[in-house]
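J.: Structure: target_34.pdb, PDB, C-alpha atoms.
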```pdb
ATOM      1  CA  MET P   1      26.928  81.029  85.839
ATOM      2  CA  THR P   2      27.025  77.350  86.759
ATOM      3  CA  GLU P   3      27.778  74.608  84.240
ATOM      4  CA  LYS P   4      25.112  72.846  82.224
ATOM      5  CA  LYS P   5      23.345  70.164  84.246
ATOM      6  CA  ARG P   6      21.800  66.854  83.349
ATOM      7  CA  LEU P   7      18.571  65.628  84.958
ATOM      8  CA  ALA P   8      17.207  62.078  84.671
ATOM      9  CA  ILE P   9      13.771  61.154  86.007
ATOM     10  CA  VAL P  10      12.047  57.766  86.184
ATOM     11  CA  VAL P  11       8.275  58.124  85.759
ATOM     12  CA  SER P  12       6.596  55.030  87.177
ATOM     13  CA  GLU P  13       2.965  56.056  87.700
ATOM     14  CA  ASN P  14       0.139  57.323  85.494
ATOM     15  CA  SER P  15      -2.035  59.135  88.034
ATOM     16  CA  LEU P  16      -2.647  62.843  87.421
ATOM     17  CA  ASP P  17      -0.547  63.963  90.398
ATOM     18  CA  LYS P  18       2.398  61.720  89.490
ATOM     19  CA  ALA P  19       2.081  62.821  85.857
ATOM     20  CA  MET P  20       2.270  66.517  86.697
ATOM     21  CA  MET P  21       5.435  66.282  88.819
ATOM     22  CA  PRO P  22       7.841  65.073  86.112
ATOM     23  CA  MET P  23       6.295  67.483  83.607
ATOM     24  CA  ILE P  24       6.719  70.499  85.899
ATOM     25  CA  LEU P  25      10.248  69.499  86.917
ATOM     26  CA  GLY P  26      11.173  68.490  83.368
ATOM     27  CA  THR P  27      10.017  71.703  81.701
ATOM     28  CA  THR P  28      11.572  73.784  84.469
ATOM     29  CA  GLY P  29      14.829  71.853  84.143
ATOM     30  CA  ALA P  30      14.914  72.450  80.402
ATOM     31  CA  SER P  31      14.179  76.133  81.003
ATOM     32  CA  LEU P  32      17.214  76.171  83.297
ATOM     33  CA  ASP P  33      19.261  74.987  80.301
ATOM     34  CA  ALA P  34      19.580  71.488  81.744
ATOM     35  CA  GLU P  35      19.505  68.404  79.561
ATOM     36  CA  VAL P  36      16.390  66.525  80.707
ATOM     37  CA  HIS P  37      15.719  62.801  80.262
ATOM     38  CA  LEU P  38      12.389  61.241  81.278
ATOM     39  CA  PHE P  39      12.132  57.437  81.381
ATOM     40  CA  PHE P  40       8.514  56.202  81.428
ATOM     41  CA  THR P  41       8.175  52.736  82.890
ATOM     42  CA  PHE P  42       5.395  50.433  84.174
ATOM     43  CA  TRP P  43       2.197  52.491  84.603
ATOM     44  CA  GLY P  44       4.114  55.612  83.687
ATOM     45  CA  LEU P  45       4.325  54.311  80.110
ATOM     46  CA  PHE P  46       0.605  55.091  79.596
ATOM     47  CA  LEU P  47       1.410  58.798  79.897
ATOM     48  CA  LEU P  48       3.108  58.625  76.498
ATOM     49  CA  LYS P  49       0.064  57.160  74.739
ATOM     50  CA  LYS P  50      -1.644  59.401  72.200
ATOM     51  CA  ASP P  51      -4.349  61.683  73.706
ATOM     52  CA  TYR P  52      -3.896  60.197  77.172
ATOM     53  CA  LYS P  53      -5.633  62.065  79.997
ATOM     54  CA  PRO P  54      -4.297  61.050  83.422
ATOM     55  CA  LYS P  55      -6.770  60.816  86.304
ATOM     56  CA  LEU P  56      -6.416  60.690  90.057
ATOM     57  CA  LYS P  57      -6.288  57.137  91.366
ATOM     58  CA  GLY P  58      -7.727  55.065  94.191
ATOM     59  CA  MET P  59      -9.855  56.873  96.739
ATOM     60  CA  MET P  60      -9.023  60.199  95.047
ATOM     61  CA  ALA P  61     -10.367  59.083  91.649
ATOM     62  CA  PRO P  62     -13.790  60.794  91.976
ATOM     63  CA  PHE P  63     -12.035  64.139  92.547
ATOM     64  CA  THR P  64     -10.218  64.238  89.197
ATOM     65  CA  GLY P  65     -12.640  66.733  87.659
ATOM     66  CA  MET P  66     -12.444  68.937  90.726
ATOM     67  CA  MET P  67      -8.646  68.982  90.635
ATOM     68  CA  VAL P  68      -8.504  69.727  86.900
ATOM     69  CA  LYS P  69     -10.949  72.598  87.455
ATOM     70  CA  GLN P  70      -8.928  73.905  90.380
ATOM     71  CA  MET P  71      -5.717  73.780  88.324
ATOM     72  CA  LYS P  72      -7.401  75.660  85.486
ATOM     73  CA  SER P  73      -8.720  78.348  87.818
ATOM     74  CA  LYS P  74      -5.170  78.885  89.147
ATOM     75  CA  ASN P  75      -3.755  79.001  85.618
ATOM     76  CA  ILE P  76      -1.696  75.879  86.224
ATOM     77  CA  PRO P  77      -1.100  74.230  82.855
ATOM     78  CA  GLY P  78      -2.664  70.792  82.301
ATOM     79  CA  TYR P  79      -0.762  67.583  81.625
ATOM     80  CA  SER P  80      -1.123  67.720  77.811
ATOM     81  CA  GLU P  81      -0.007  71.340  77.664
ATOM     82  CA  LEU P  82       3.084  70.614  79.752
ATOM     83  CA  LEU P  83       3.912  67.562  77.644
ATOM     84  CA  GLU P  84       3.755  69.771  74.556
ATOM     85  CA  GLN P  85       5.986  72.368  76.256
ATOM     86  CA  ALA P  86       8.432  69.617  77.241
ATOM     87  CA  ARG P  87       8.736  68.460  73.639
ATOM     88  CA  GLU P  88       9.202  72.021  72.416
ATOM     89  CA  LEU P  89      11.972  72.554  74.981
ATOM     90  CA  GLY P  90      13.780  69.424  73.833
ATOM     91  CA  VAL P  91      13.063  67.214  76.853
ATOM     92  CA  LYS P  92      13.959  63.626  75.915
ATOM     93  CA  LEU P  93      11.095  61.164  76.341
ATOM     94  CA  TYR P  94      11.869  57.459  76.623
ATOM     95  CA  ALA P  95       9.480  54.508  76.703
ATOM     96  CA  CYS P  96      10.758  51.503  78.655
ATOM     97  CA  SER P  97      11.018  48.630  76.183
ATOM     98  CA  THR P  98      10.172  45.941  78.755
ATOM     99  CA  SER P  99       7.071  47.842  79.919
ATOM    100  CA  MET P 100       5.930  48.079  76.305
ATOM    101  CA  GLU P 101       6.213  44.300  75.920
ATOM    102  CA  MET P 102       4.478  43.677  79.220
ATOM    103  CA  MET P 103       1.579  46.071  78.602
ATOM    104  CA  GLY P 104       1.217  45.229  74.916
ATOM    105  CA  VAL P 105       1.886  48.819  73.912
ATOM    106  CA  LYS P 106       3.197  49.411  70.374
ATOM    107  CA  LYS P 107       5.423  52.244  69.190
ATOM    108  CA  GLU P 108       2.544  53.529  67.030
ATOM    109  CA  ASP P 109       0.348  53.850  70.154
ATOM    110  CA  LEU P 110       2.772  56.443  71.502
ATOM    111  CA  ILE P 111       3.062  60.144  70.721
ATOM    112  CA  ASP P 112       5.684  61.234  68.190
ATOM    113  CA  GLY P 113       9.235  61.842  69.272
ATOM    114  CA  VAL P 114       9.396  59.078  71.876
ATOM    115  CA  GLU P 115      12.478  56.882  71.881
ATOM    116  CA  VAL P 116      12.226  53.251  73.027
ATOM    117  CA  LEU P 117      14.961  52.453  75.521
ATOM    118  CA  GLY P 118      16.069  49.527  77.682
ATOM    119  CA  ALA P 119      17.123  49.715  81.324
ATOM    120  CA  THR P 120      20.813  49.571  80.429
ATOM    121  CA  ALA P 121      20.708  52.527  78.070
ATOM    122  CA  PHE P 122      18.715  54.577  80.563
ATOM    123  CA  LEU P 123      21.068  53.737  83.421
ATOM    124  CA  LYS P 124      23.985  54.839  81.272
ATOM    125  CA  ILE P 125      22.256  58.230  80.996
ATOM    126  CA  ALA P 126      21.510  58.203  84.739
ATOM    127  CA  PHE P 127      25.159  57.444  85.608
ATOM    128  CA  GLU P 128      26.177  60.580  83.760
ATOM    129  CA  SER P 129      23.466  62.774  85.287
ATOM    130  CA  ASP P 130      23.808  65.368  88.023
ATOM    131  CA  VAL P 131      20.353  64.713  89.423
ATOM    132  CA  THR P 132      18.266  61.535  89.260
ATOM    133  CA  LEU P 133      14.719  61.372  90.570
ATOM    134  CA  PHE P 134      12.153  58.603  90.856
ATOM    135  CA  ILE P 135       8.485  59.494  90.681
TER     136      ILE P 135
ATOM    137  CA  MET U   1      16.248 101.063  81.807
ATOM    138  CA  GLU U   2      15.233 100.295  78.226
ATOM    139  CA  ALA U   3      13.770  96.824  77.774
ATOM    140  CA  LYS U   4      13.889  95.393  74.282
ATOM    141  CA  LYS U   5      10.988  93.079  75.023
ATOM    142  CA  GLU U   6       8.308  92.775  77.700
ATOM    143  CA  LEU U   7       6.777  89.523  78.920
ATOM    144  CA  ASN U   8       3.599  89.686  80.953
ATOM    145  CA  ALA U   9       3.378  86.503  83.042
ATOM    146  CA  VAL U  10       0.904  87.938  85.558
ATOM    147  CA  GLY U  11      -1.692  85.343  86.539
ATOM    148  CA  LEU U  12       0.420  82.420  85.361
ATOM    149  CA  SER U  13       1.509  79.708  87.776
ATOM    150  CA  CYS U  14       4.741  77.762  88.011
ATOM    151  CA  PRO U  15       6.299  76.564  85.744
ATOM    152  CA  MET U  16       4.848  78.759  82.982
ATOM    153  CA  PRO U  17       6.539  82.098  83.876
ATOM    154  CA  ILE U  18       9.979  80.459  83.686
ATOM    155  CA  ILE U  19       9.185  78.483  80.513
ATOM    156  CA  LYS U  20       7.933  81.650  78.814
ATOM    157  CA  THR U  21      10.959  83.608  80.027
ATOM    158  CA  ARG U  22      13.290  80.980  78.654
ATOM    159  CA  LYS U  23      11.535  81.180  75.266
ATOM    160  CA  ALA U  24      11.367  84.989  75.257
ATOM    161  CA  ILE U  25      15.047  85.455  75.994
ATOM    162  CA  GLU U  26      15.931  83.331  72.981
ATOM    163  CA  GLU U  27      14.466  86.043  70.774
ATOM    164  CA  LEU U  28      16.852  88.665  72.146
ATOM    165  CA  GLY U  29      20.433  89.420  71.245
ATOM    166  CA  SER U  30      23.300  89.356  73.723
ATOM    167  CA  GLY U  31      23.203  92.365  76.078
ATOM    168  CA  GLU U  32      19.550  93.177  75.356
ATOM    169  CA  ILE U  33      17.104  93.480  78.229
ATOM    170  CA  LEU U  34      13.955  91.466  78.865
ATOM    171  CA  LEU U  35      11.352  92.803  81.271
ATOM    172  CA  VAL U  36       9.198  90.134  82.927
ATOM    173  CA  LEU U  37       6.121  90.860  85.040
ATOM    174  CA  ALA U  38       5.095  88.029  87.347
ATOM    175  CA  ASP U  39       2.954  87.471  90.424
ATOM    176  CA  ASP U  40       3.447  83.755  90.995
ATOM    177  CA  PRO U  41       4.191  83.244  94.733
ATOM    178  CA  GLY U  42       7.463  81.499  93.866
ATOM    179  CA  ALA U  43       8.652  84.132  91.379
ATOM    180  CA  LYS U  44      10.721  86.126  93.853
ATOM    181  CA  GLU U  45      13.015  83.133  94.422
ATOM    182  CA  ASP U  46      12.601  81.463  91.033
ATOM    183  CA  PHE U  47      13.808  84.325  88.836
ATOM    184  CA  PRO U  48      17.102  85.009  90.640
ATOM    185  CA  ALA U  49      17.749  81.230  90.644
ATOM    186  CA  TRP U  50      16.952  80.985  86.936
ATOM    187  CA  CYS U  51      19.286  83.873  86.143
ATOM    188  CA  GLU U  52      22.120  82.416  88.207
ATOM    189  CA  GLN U  53      21.783  78.990  86.623
ATOM    190  CA  THR U  54      21.474  80.202  83.018
ATOM    191  CA  GLY U  55      24.063  82.971  83.268
ATOM    192  CA  ASN U  56      21.682  85.781  82.329
ATOM    193  CA  GLU U  57      22.021  88.834  84.540
ATOM    194  CA  LEU U  58      19.224  90.013  86.822
ATOM    195  CA  LEU U  59      19.739  93.773  86.725
ATOM    196  CA  LYS U  60      16.826  94.849  88.865
ATOM    197  CA  MET U  61      13.794  93.538  90.731
ATOM    198  CA  GLU U  62      10.928  95.933  91.460
ATOM    199  CA  GLU U  63       7.931  95.038  93.576
ATOM    200  CA  GLU U  64       4.694  96.853  92.867
ATOM    201  CA  ALA U  65       1.851  95.507  94.992
ATOM    202  CA  SER U  66       1.704  91.788  94.180
ATOM    203  CA  VAL U  67       3.457  92.100  90.823
ATOM    204  CA  ILE U  68       7.236  91.876  90.556
ATOM    205  CA  LYS U  69       9.163  93.330  87.617
ATOM    206  CA  PHE U  70      12.360  91.542  86.648
ATOM    207  CA  TYR U  71      14.875  93.234  84.348
ATOM    208  CA  ILE U  72      17.032  90.531  82.818
ATOM    209  CA  LYS U  73      20.051  91.169  80.611
ATOM    210  CA  LYS U  74      20.737  88.398  78.148
ATOM    211  CA  LYS U  75      24.222  86.884  78.406
TER     212      LYS U  75
END
```
Spit out the file's structure as structure tokens when you get a sec.
T.:
Amino acid sequence: MTEKKRLAIVVSENSLDKAMMPMILGTTGASLDAEVHLFFTFWGLFLLKKDYKPKLKGMMAPFTGMMVKQMKSKNIPGYSELLEQARELGVKLYACSTSMEMMGVKKEDLIDGVEVLGATAFLKIAFESDVTLFI
Amino acid sequence: MEAKKELNAVGLSCPMPIIKTRKAIEELGSGEILLVLADDPGAKEDFPAWCEQTGNELLKMEEEASVIKFYIKKK
């Protein structure tokens, strides 16, 4: 058995594809007994808003429904389901304090269990992590 | 091999089989065996990796058509 790992991921986008990646890696990491920290910044912050449904962006935007349908038919869990799993597995969710200011997002707009964090505090976590990813 | 608990993850895609396995194994006592059935294309590599990382022992892997049976002994 290898020692317990720590995984820190920056989530910078709110498109459906970029929302799924940290959720899949985060829940898998937690299932591997790793300590998982997700830092939601800039557009990524929107993913922590209550009842938020990410969509594909840009030229891919009209295909959101098709992709959601395809995921369902393959039994791939949706964004909300994975977020719920992540919380159950103890994945730490952080909202970037500066992004909140910039986007006018209040703590009460966010789902429960989110911690508001500055860049310094997150970097401290990242320094002590085994794996850091930027999505 | 007597499994204490069986988890049917057939039809589920990554990462659900591993998430469910992680949750199921929590309900077992040390030394008890969990049997997982999975057909996710990544399962064959994912389950040995999960066992190695978490310290639970993969006792046996049986392939029957597209379904793989994993016998996992809780650490």
J.: Step by step, work through what the PyMOL selection byres ((chain U and resi 13) around 8) selects in the shown file, and finish by giving those residues as a PDB file with C-alpha atoms, in the coordinates of the input.
T.:
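Output file part10.pdb is given in full below:
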```pdb
ATOM      1  CA  LYS P  74      -5.170  78.885  89.147  1.00  0.00           C
ATOM      2  CA  ASN P  75      -3.755  79.001  85.618  1.00  0.00           C
ATOM      3  CA  ILE P  76      -1.696  75.879  86.224  1.00  0.00           C
ATOM      4  CA  PRO P  77      -1.100  74.230  82.855  1.00  0.00           C
TER       5      PRO P  77
ATOM      6  CA  GLY U  11      -1.692  85.343  86.539  1.00  0.00           C
ATOM      7  CA  LEU U  12       0.420  82.420  85.361  1.00  0.00           C
ATOM      8  CA  CYS U  14       4.741  77.762  88.011  1.00  0.00           C
ATOM      9  CA  PRO U  15       6.299  76.564  85.744  1.00  0.00           C
ATOM     10  CA  MET U  16       4.848  78.759  82.982  1.00  0.00           C
ATOM     11  CA  PRO U  17       6.539  82.098  83.876  1.00  0.00           C
ATOM     12  CA  ASP U  40       3.447  83.755  90.995  1.00  0.00           C
TER      13      ASP U  40
END
```
J.: Grab the CA of Thr28 in chain P to CA of Pro54 in chain P distance for me, in Å with one decimal place.
T.: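 So the two atoms, CA of Thr28 in chain P and CA of Pro54 in chain P, lie 20.4 Å apart.
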J.: Write out as JSON lines the residues of chain P that have any atom within 12 Å of an atom of chain U, one row each with the nearest atom pair and its distance in Å to one decimal, counting all atoms listed in the file, sorted by chain and then rising number.
T.:
```
{"residue": "P:Met1", "atom": "CA", "partner": "U:Gly55", "partner_atom": "CA", "distance": 4.3}
{"residue": "P:Thr2", "atom": "CA", "partner": "U:Gln53", "partner_atom": "CA", "distance": 5.5}
{"residue": "P:Glu3", "atom": "CA", "partner": "U:Gln53", "partner_atom": "CA", "distance": 7.8}
{"residue": "P:Lys4", "atom": "CA", "partner": "U:Thr54", "partner_atom": "CA", "distance": 8.2}
{"residue": "P:Lys5", "atom": "CA", "partner": "U:Gln53", "partner_atom": "CA", "distance": 9.3}
{"residue": "P:Met20", "atom": "CA", "partner": "U:Pro15", "partner_atom": "CA", "distance": 10.9}
{"residue": "P:Met21", "atom": "CA", "partner": "U:Pro15", "partner_atom": "CA", "distance": 10.8}
{"residue": "P:Pro22", "atom": "CA", "partner": "U:Pro15", "partner_atom": "CA", "distance": 11.6}
{"residue": "P:Met23", "atom": "CA", "partner": "U:Pro15", "partner_atom": "CA", "distance": 9.3}
{"residue": "P:Ile24", "atom": "CA", "partner": "U:Pro15", "partner_atom": "CA", "distance": 6.1}
{"residue": "P:Leu25", "atom": "CA", "partner": "U:Pro15", "partner_atom": "CA", "distance": 8.2}
{"residue": "P:Gly26", "atom": "CA", "partner": "U:Pro15", "partner_atom": "CA", "distance": 9.7}
{"residue": "P:Thr27", "atom": "CA", "partner": "U:Ile19", "partner_atom": "CA", "distance": 6.9}
{"residue": "P:Thr28", "atom": "CA", "partner": "U:Pro15", "partner_atom": "CA", "distance": 6.1}
{"residue": "P:Gly29", "atom": "CA", "partner": "U:Ile19", "partner_atom": "CA", "distance": 9.4}
{"residue": "P:Ala30", "atom": "CA", "partner": "U:Ile19", "partner_atom": "CA", "distance": 8.3}
{"residue": "P:Ser31", "atom": "CA", "partner": "U:Arg22", "partner_atom": "CA", "distance": 5.5}
{"residue": "P:Leu32", "atom": "CA", "partner": "U:Thr54", "partner_atom": "CA", "distance": 5.9}
{"residue": "P:Asp33", "atom": "CA", "partner": "U:Thr54", "partner_atom": "CA", "distance": 6.3}
{"residue": "P:Ala34", "atom": "CA", "partner": "U:Thr54", "partner_atom": "CA", "distance": 9.0}
{"residue": "P:Met71", "atom": "CA", "partner": "U:Ser13", "partner_atom": "CA", "distance": 9.4}
{"residue": "P:Lys72", "atom": "CA", "partner": "U:Ser13", "partner_atom": "CA", "distance": 10.1}
{"residue": "P:Ser73", "atom": "CA", "partner": "U:Gly11", "partner_atom": "CA", "distance": 10.0}
{"residue": "P:Lys74", "atom": "CA", "partner": "U:Ser13", "partner_atom": "CA", "distance": 6.9}
{"residue": "P:Asn75", "atom": "CA", "partner": "U:Leu12", "partner_atom": "CA", "distance": 5.4}
{"residue": "P:Ile76", "atom": "CA", "partner": "U:Ser13", "partner_atom": "CA", "distance": 5.2}
{"residue": "P:Pro77", "atom": "CA", "partner": "U:Met16", "partner_atom": "CA", "distance": 7.5}
{"residue": "P:Gly78", "atom": "CA", "partner": "U:Met16", "partner_atom": "CA", "distance": 11.0}
{"residue": "P:Glu81", "atom": "CA", "partner": "U:Met16", "partner_atom": "CA", "distance": 10.3}
{"residue": "P:Leu82", "atom": "CA", "partner": "U:Met16", "partner_atom": "CA", "distance": 8.9}
{"residue": "P:Glu84", "atom": "CA", "partner": "U:Ile19", "partner_atom": "CA", "distance": 11.9}
{"residue": "P:Gln85", "atom": "CA", "partner": "U:Ile19", "partner_atom": "CA", "distance": 8.1}
{"residue": "P:Ala86", "atom": "CA", "partner": "U:Ile19", "partner_atom": "CA", "distance": 9.5}
{"residue": "P:Glu88", "atom": "CA", "partner": "U:Lys23", "partner_atom": "CA", "distance": 9.9}
{"residue": "P:Leu89", "atom": "CA", "partner": "U:Ile19", "partner_atom": "CA", "distance": 8.6}
```
J.: Take the residues just selected and output them with C-alpha atoms as a PDB file, in the coordinates of the input.
T.:
```
ATOM      1  CA  MET P   1      26.928  81.029  85.839  1.00  0.00           C
ATOM      2  CA  THR P   2      27.025  77.350  86.759  1.00  0.00           C
ATOM      3  CA  GLU P   3      27.778  74.608  84.240  1.00  0.00           C
ATOM      4  CA  LYS P   4      25.112  72.846  82.224  1.00  0.00           C
ATOM      5  CA  LYS P   5      23.345  70.164  84.246  1.00  0.00           C
ATOM      6  CA  MET P  20       2.270  66.517  86.697  1.00  0.00           C
ATOM      7  CA  MET P  21       5.435  66.282  88.819  1.00  0.00           C
ATOM      8  CA  PRO P  22       7.841  65.073  86.112  1.00  0.00           C
ATOM      9  CA  MET P  23       6.295  67.483  83.607  1.00  0.00           C
ATOM     10  CA  ILE P  24       6.719  70.499  85.899  1.00  0.00           C
ATOM     11  CA  LEU P  25      10.248  69.499  86.917  1.00  0.00           C
ATOM     12  CA  GLY P  26      11.173  68.490  83.368  1.00  0.00           C
ATOM     13  CA  THR P  27      10.017  71.703  81.701  1.00  0.00           C
ATOM     14  CA  THR P  28      11.572  73.784  84.469  1.00  0.00           C
ATOM     15  CA  GLY P  29      14.829  71.853  84.143  1.00  0.00           C
ATOM     16  CA  ALA P  30      14.914  72.450  80.402  1.00  0.00           C
ATOM     17  CA  SER P  31      14.179  76.133  81.003  1.00  0.00           C
ATOM     18  CA  LEU P  32      17.214  76.171  83.297  1.00  0.00           C
ATOM     19  CA  ASP P  33      19.261  74.987  80.301  1.00  0.00           C
ATOM     20  CA  ALA P  34      19.580  71.488  81.744  1.00  0.00           C
ATOM     21  CA  MET P  71      -5.717  73.780  88.324  1.00  0.00           C
ATOM     22  CA  LYS P  72      -7.401  75.660  85.486  1.00  0.00           C
ATOM     23  CA  SER P  73      -8.720  78.348  87.818  1.00  0.00           C
ATOM     24  CA  LYS P  74      -5.170  78.885  89.147  1.00  0.00           C
ATOM     25  CA  ASN P  75      -3.755  79.001  85.618  1.00  0.00           C
ATOM     26  CA  ILE P  76      -1.696  75.879  86.224  1.00  0.00           C
ATOM     27  CA  PRO P  77      -1.100  74.230  82.855  1.00  0.00           C
ATOM     28  CA  GLY P  78      -2.664  70.792  82.301  1.00  0.00           C
ATOM     29  CA  GLU P  81      -0.007  71.340  77.664  1.00  0.00           C
ATOM     30  CA  LEU P  82       3.084  70.614  79.752  1.00  0.00           C
ATOM     31  CA  GLU P  84       3.755  69.771  74.556  1.00  0.00           C
ATOM     32  CA  GLN P  85       5.986  72.368  76.256  1.00  0.00           C
ATOM     33  CA  ALA P  86       8.432  69.617  77.241  1.00  0.00           C
ATOM     34  CA  GLU P  88       9.202  72.021  72.416  1.00  0.00           C
ATOM     35  CA  LEU P  89      11.972  72.554  74.981  1.00  0.00           C
TER      36      LEU P  89
END
```
J.: With a distance cut-off of 12 Å and only C-alpha atoms, select the neighbouring residues of range 94-101 of chain P, excluding the residue or stretch itself and same-chain residues fewer than 5 positions from it, and output the selection as a PyMOL selection string.
T.: chain P and resi 8-12+36-49+87+106-123+125
J.: Restrict the selected residues to C-alpha atoms and save them as an mmCIF file, in the coordinates of the input.
T.:
```
data_model
loop_
_atom_site.group_PDB
_atom_site.id
_atom_site.type_symbol
_atom_site.label_atom_id
_atom_site.label_comp_id
_atom_site.auth_asym_id
_atom_site.auth_seq_id
_atom_site.Cartn_x
_atom_site.Cartn_y
_atom_site.Cartn_z
ATOM 1 C CA ALA P 8 17.207 62.078 84.671
ATOM 2 C CA ILE P 9 13.771 61.154 86.007
ATOM 3 C CA VAL P 10 12.047 57.766 86.184
ATOM 4 C CA VAL P 11 8.275 58.124 85.759
ATOM 5 C CA SER P 12 6.596 55.030 87.177
ATOM 6 C CA VAL P 36 16.390 66.525 80.707
ATOM 7 C CA HIS P 37 15.719 62.801 80.262
ATOM 8 C CA LEU P 38 12.389 61.241 81.278
ATOM 9 C CA PHE P 39 12.132 57.437 81.381
ATOM 10 C CA PHE P 40 8.514 56.202 81.428
ATOM 11 C CA THR P 41 8.175 52.736 82.890
ATOM 12 C CA PHE P 42 5.395 50.433 84.174
ATOM 13 C CA TRP P 43 2.197 52.491 84.603
ATOM 14 C CA GLY P 44 4.114 55.612 83.687
ATOM 15 C CA LEU P 45 4.325 54.311 80.110
ATOM 16 C CA PHE P 46 0.605 55.091 79.596
ATOM 17 C CA LEU P 47 1.410 58.798 79.897
ATOM 18 C CA LEU P 48 3.108 58.625 76.498
ATOM 19 C CA LYS P 49 0.064 57.160 74.739
ATOM 20 C CA ARG P 87 8.736 68.460 73.639
ATOM 21 C CA LYS P 106 3.197 49.411 70.374
ATOM 22 C CA LYS P 107 5.423 52.244 69.190
ATOM 23 C CA GLU P 108 2.544 53.529 67.030
ATOM 24 C CA ASP P 109 0.348 53.850 70.154
ATOM 25 C CA LEU P 110 2.772 56.443 71.502
ATOM 26 C CA ILE P 111 3.062 60.144 70.721
ATOM 27 C CA ASP P 112 5.684 61.234 68.190
ATOM 28 C CA GLY P 113 9.235 61.842 69.272
ATOM 29 C CA VAL P 114 9.396 59.078 71.876
ATOM 30 C CA GLU P 115 12.478 56.882 71.881
ATOM 31 C CA VAL P 116 12.226 53.251 73.027
ATOM 32 C CA LEU P 117 14.961 52.453 75.521
ATOM 33 C CA GLY P 118 16.069 49.527 77.682
ATOM 34 C CA ALA P 119 17.123 49.715 81.324
ATOM 35 C CA THR P 120 20.813 49.571 80.429
ATOM 36 C CA ALA P 121 20.708 52.527 78.070
ATOM 37 C CA PHE P 122 18.715 54.577 80.563
ATOM 38 C CA LEU P 123 21.068 53.737 83.421
ATOM 39 C CA ILE P 125 22.256 58.230 80.996
#
```
J.: Hey, which of P:Leu16, P:Val105, P:Val91, P:Ala126 ends up closest to Lys57 in chain P? Count only C-alpha atoms.
T.: P:Leu16
J.: Using the chain letters and numbers from the file, which residues does the PyMOL selection byres ((chain U and resi 2) around 9) grab, as a list in words?
T.: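 When the PyMOL selection byres ((chain U and resi 2) around 9) is applied, the selected residues are Met1, Ala3, Lys4, Lys5, Glu32, Ile33, Leu34 and Leu35 of chain U.
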J.: So the first atom is CA of Ile25 in chain U and the second is CA of Lys69 in chain U; what is the distance between them in Å, to one decimal place?
T.: 15.2 Å
J.: Using 5 Å of padding on each side, determine the axis-aligned box around all atoms of range 38-46 of chain P present in the file and give its centre and edge lengths in Å to one decimal, as AutoDock Vina command-line options.
T.:
```
--center_x 6.5 --center_y 55.8 --center_z 82.1 --size_x 21.8 --size_y 20.8 --size_z 15.0
```
J.: Provide the CA of Met61 in chain U to CA of Gly29 in chain U distance in Å, to one decimal place.
T.: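 Interatomic distance, CA of Met61 in chain U to CA of Gly29 in chain U: 21.0 Å.
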J.: Pick the closest to Met60 in chain P from P:Leu7, P:Leu93, P:Ser15, P:Lys124: which is it, counting only C-alpha atoms?
T.: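 Between P:Leu7, P:Leu93, P:Ser15, P:Lys124, the residue approaching Met60 in chain P most closely is P:Ser15.
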J.: Please list, as a PyMOL selection string, the residues that have an atom at most 12 Å away from (-10.4, 65.0, 92.8) in the coordinates of this file, counting all atoms listed in the file.
T.: chain P and resi 15-17+54-71
J.: Choose the residue, out of P:Asn14, P:Leu83, P:Glu35, P:Asp51, that has the smallest atom-to-atom separation from Val131 in chain P; count only C-alpha atoms.
T.: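 For Val131 in chain P, the nearest of the given residues is P:Glu35.
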J.: With all atoms listed in the file as the basis for distance, which of U:Leu59, U:Leu28, U:Glu64, U:Phe70 is at the shortest distance from Asp46 in chain U?
T.: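 The answer is U:Phe70, which sits nearest to Asp46 in chain U.
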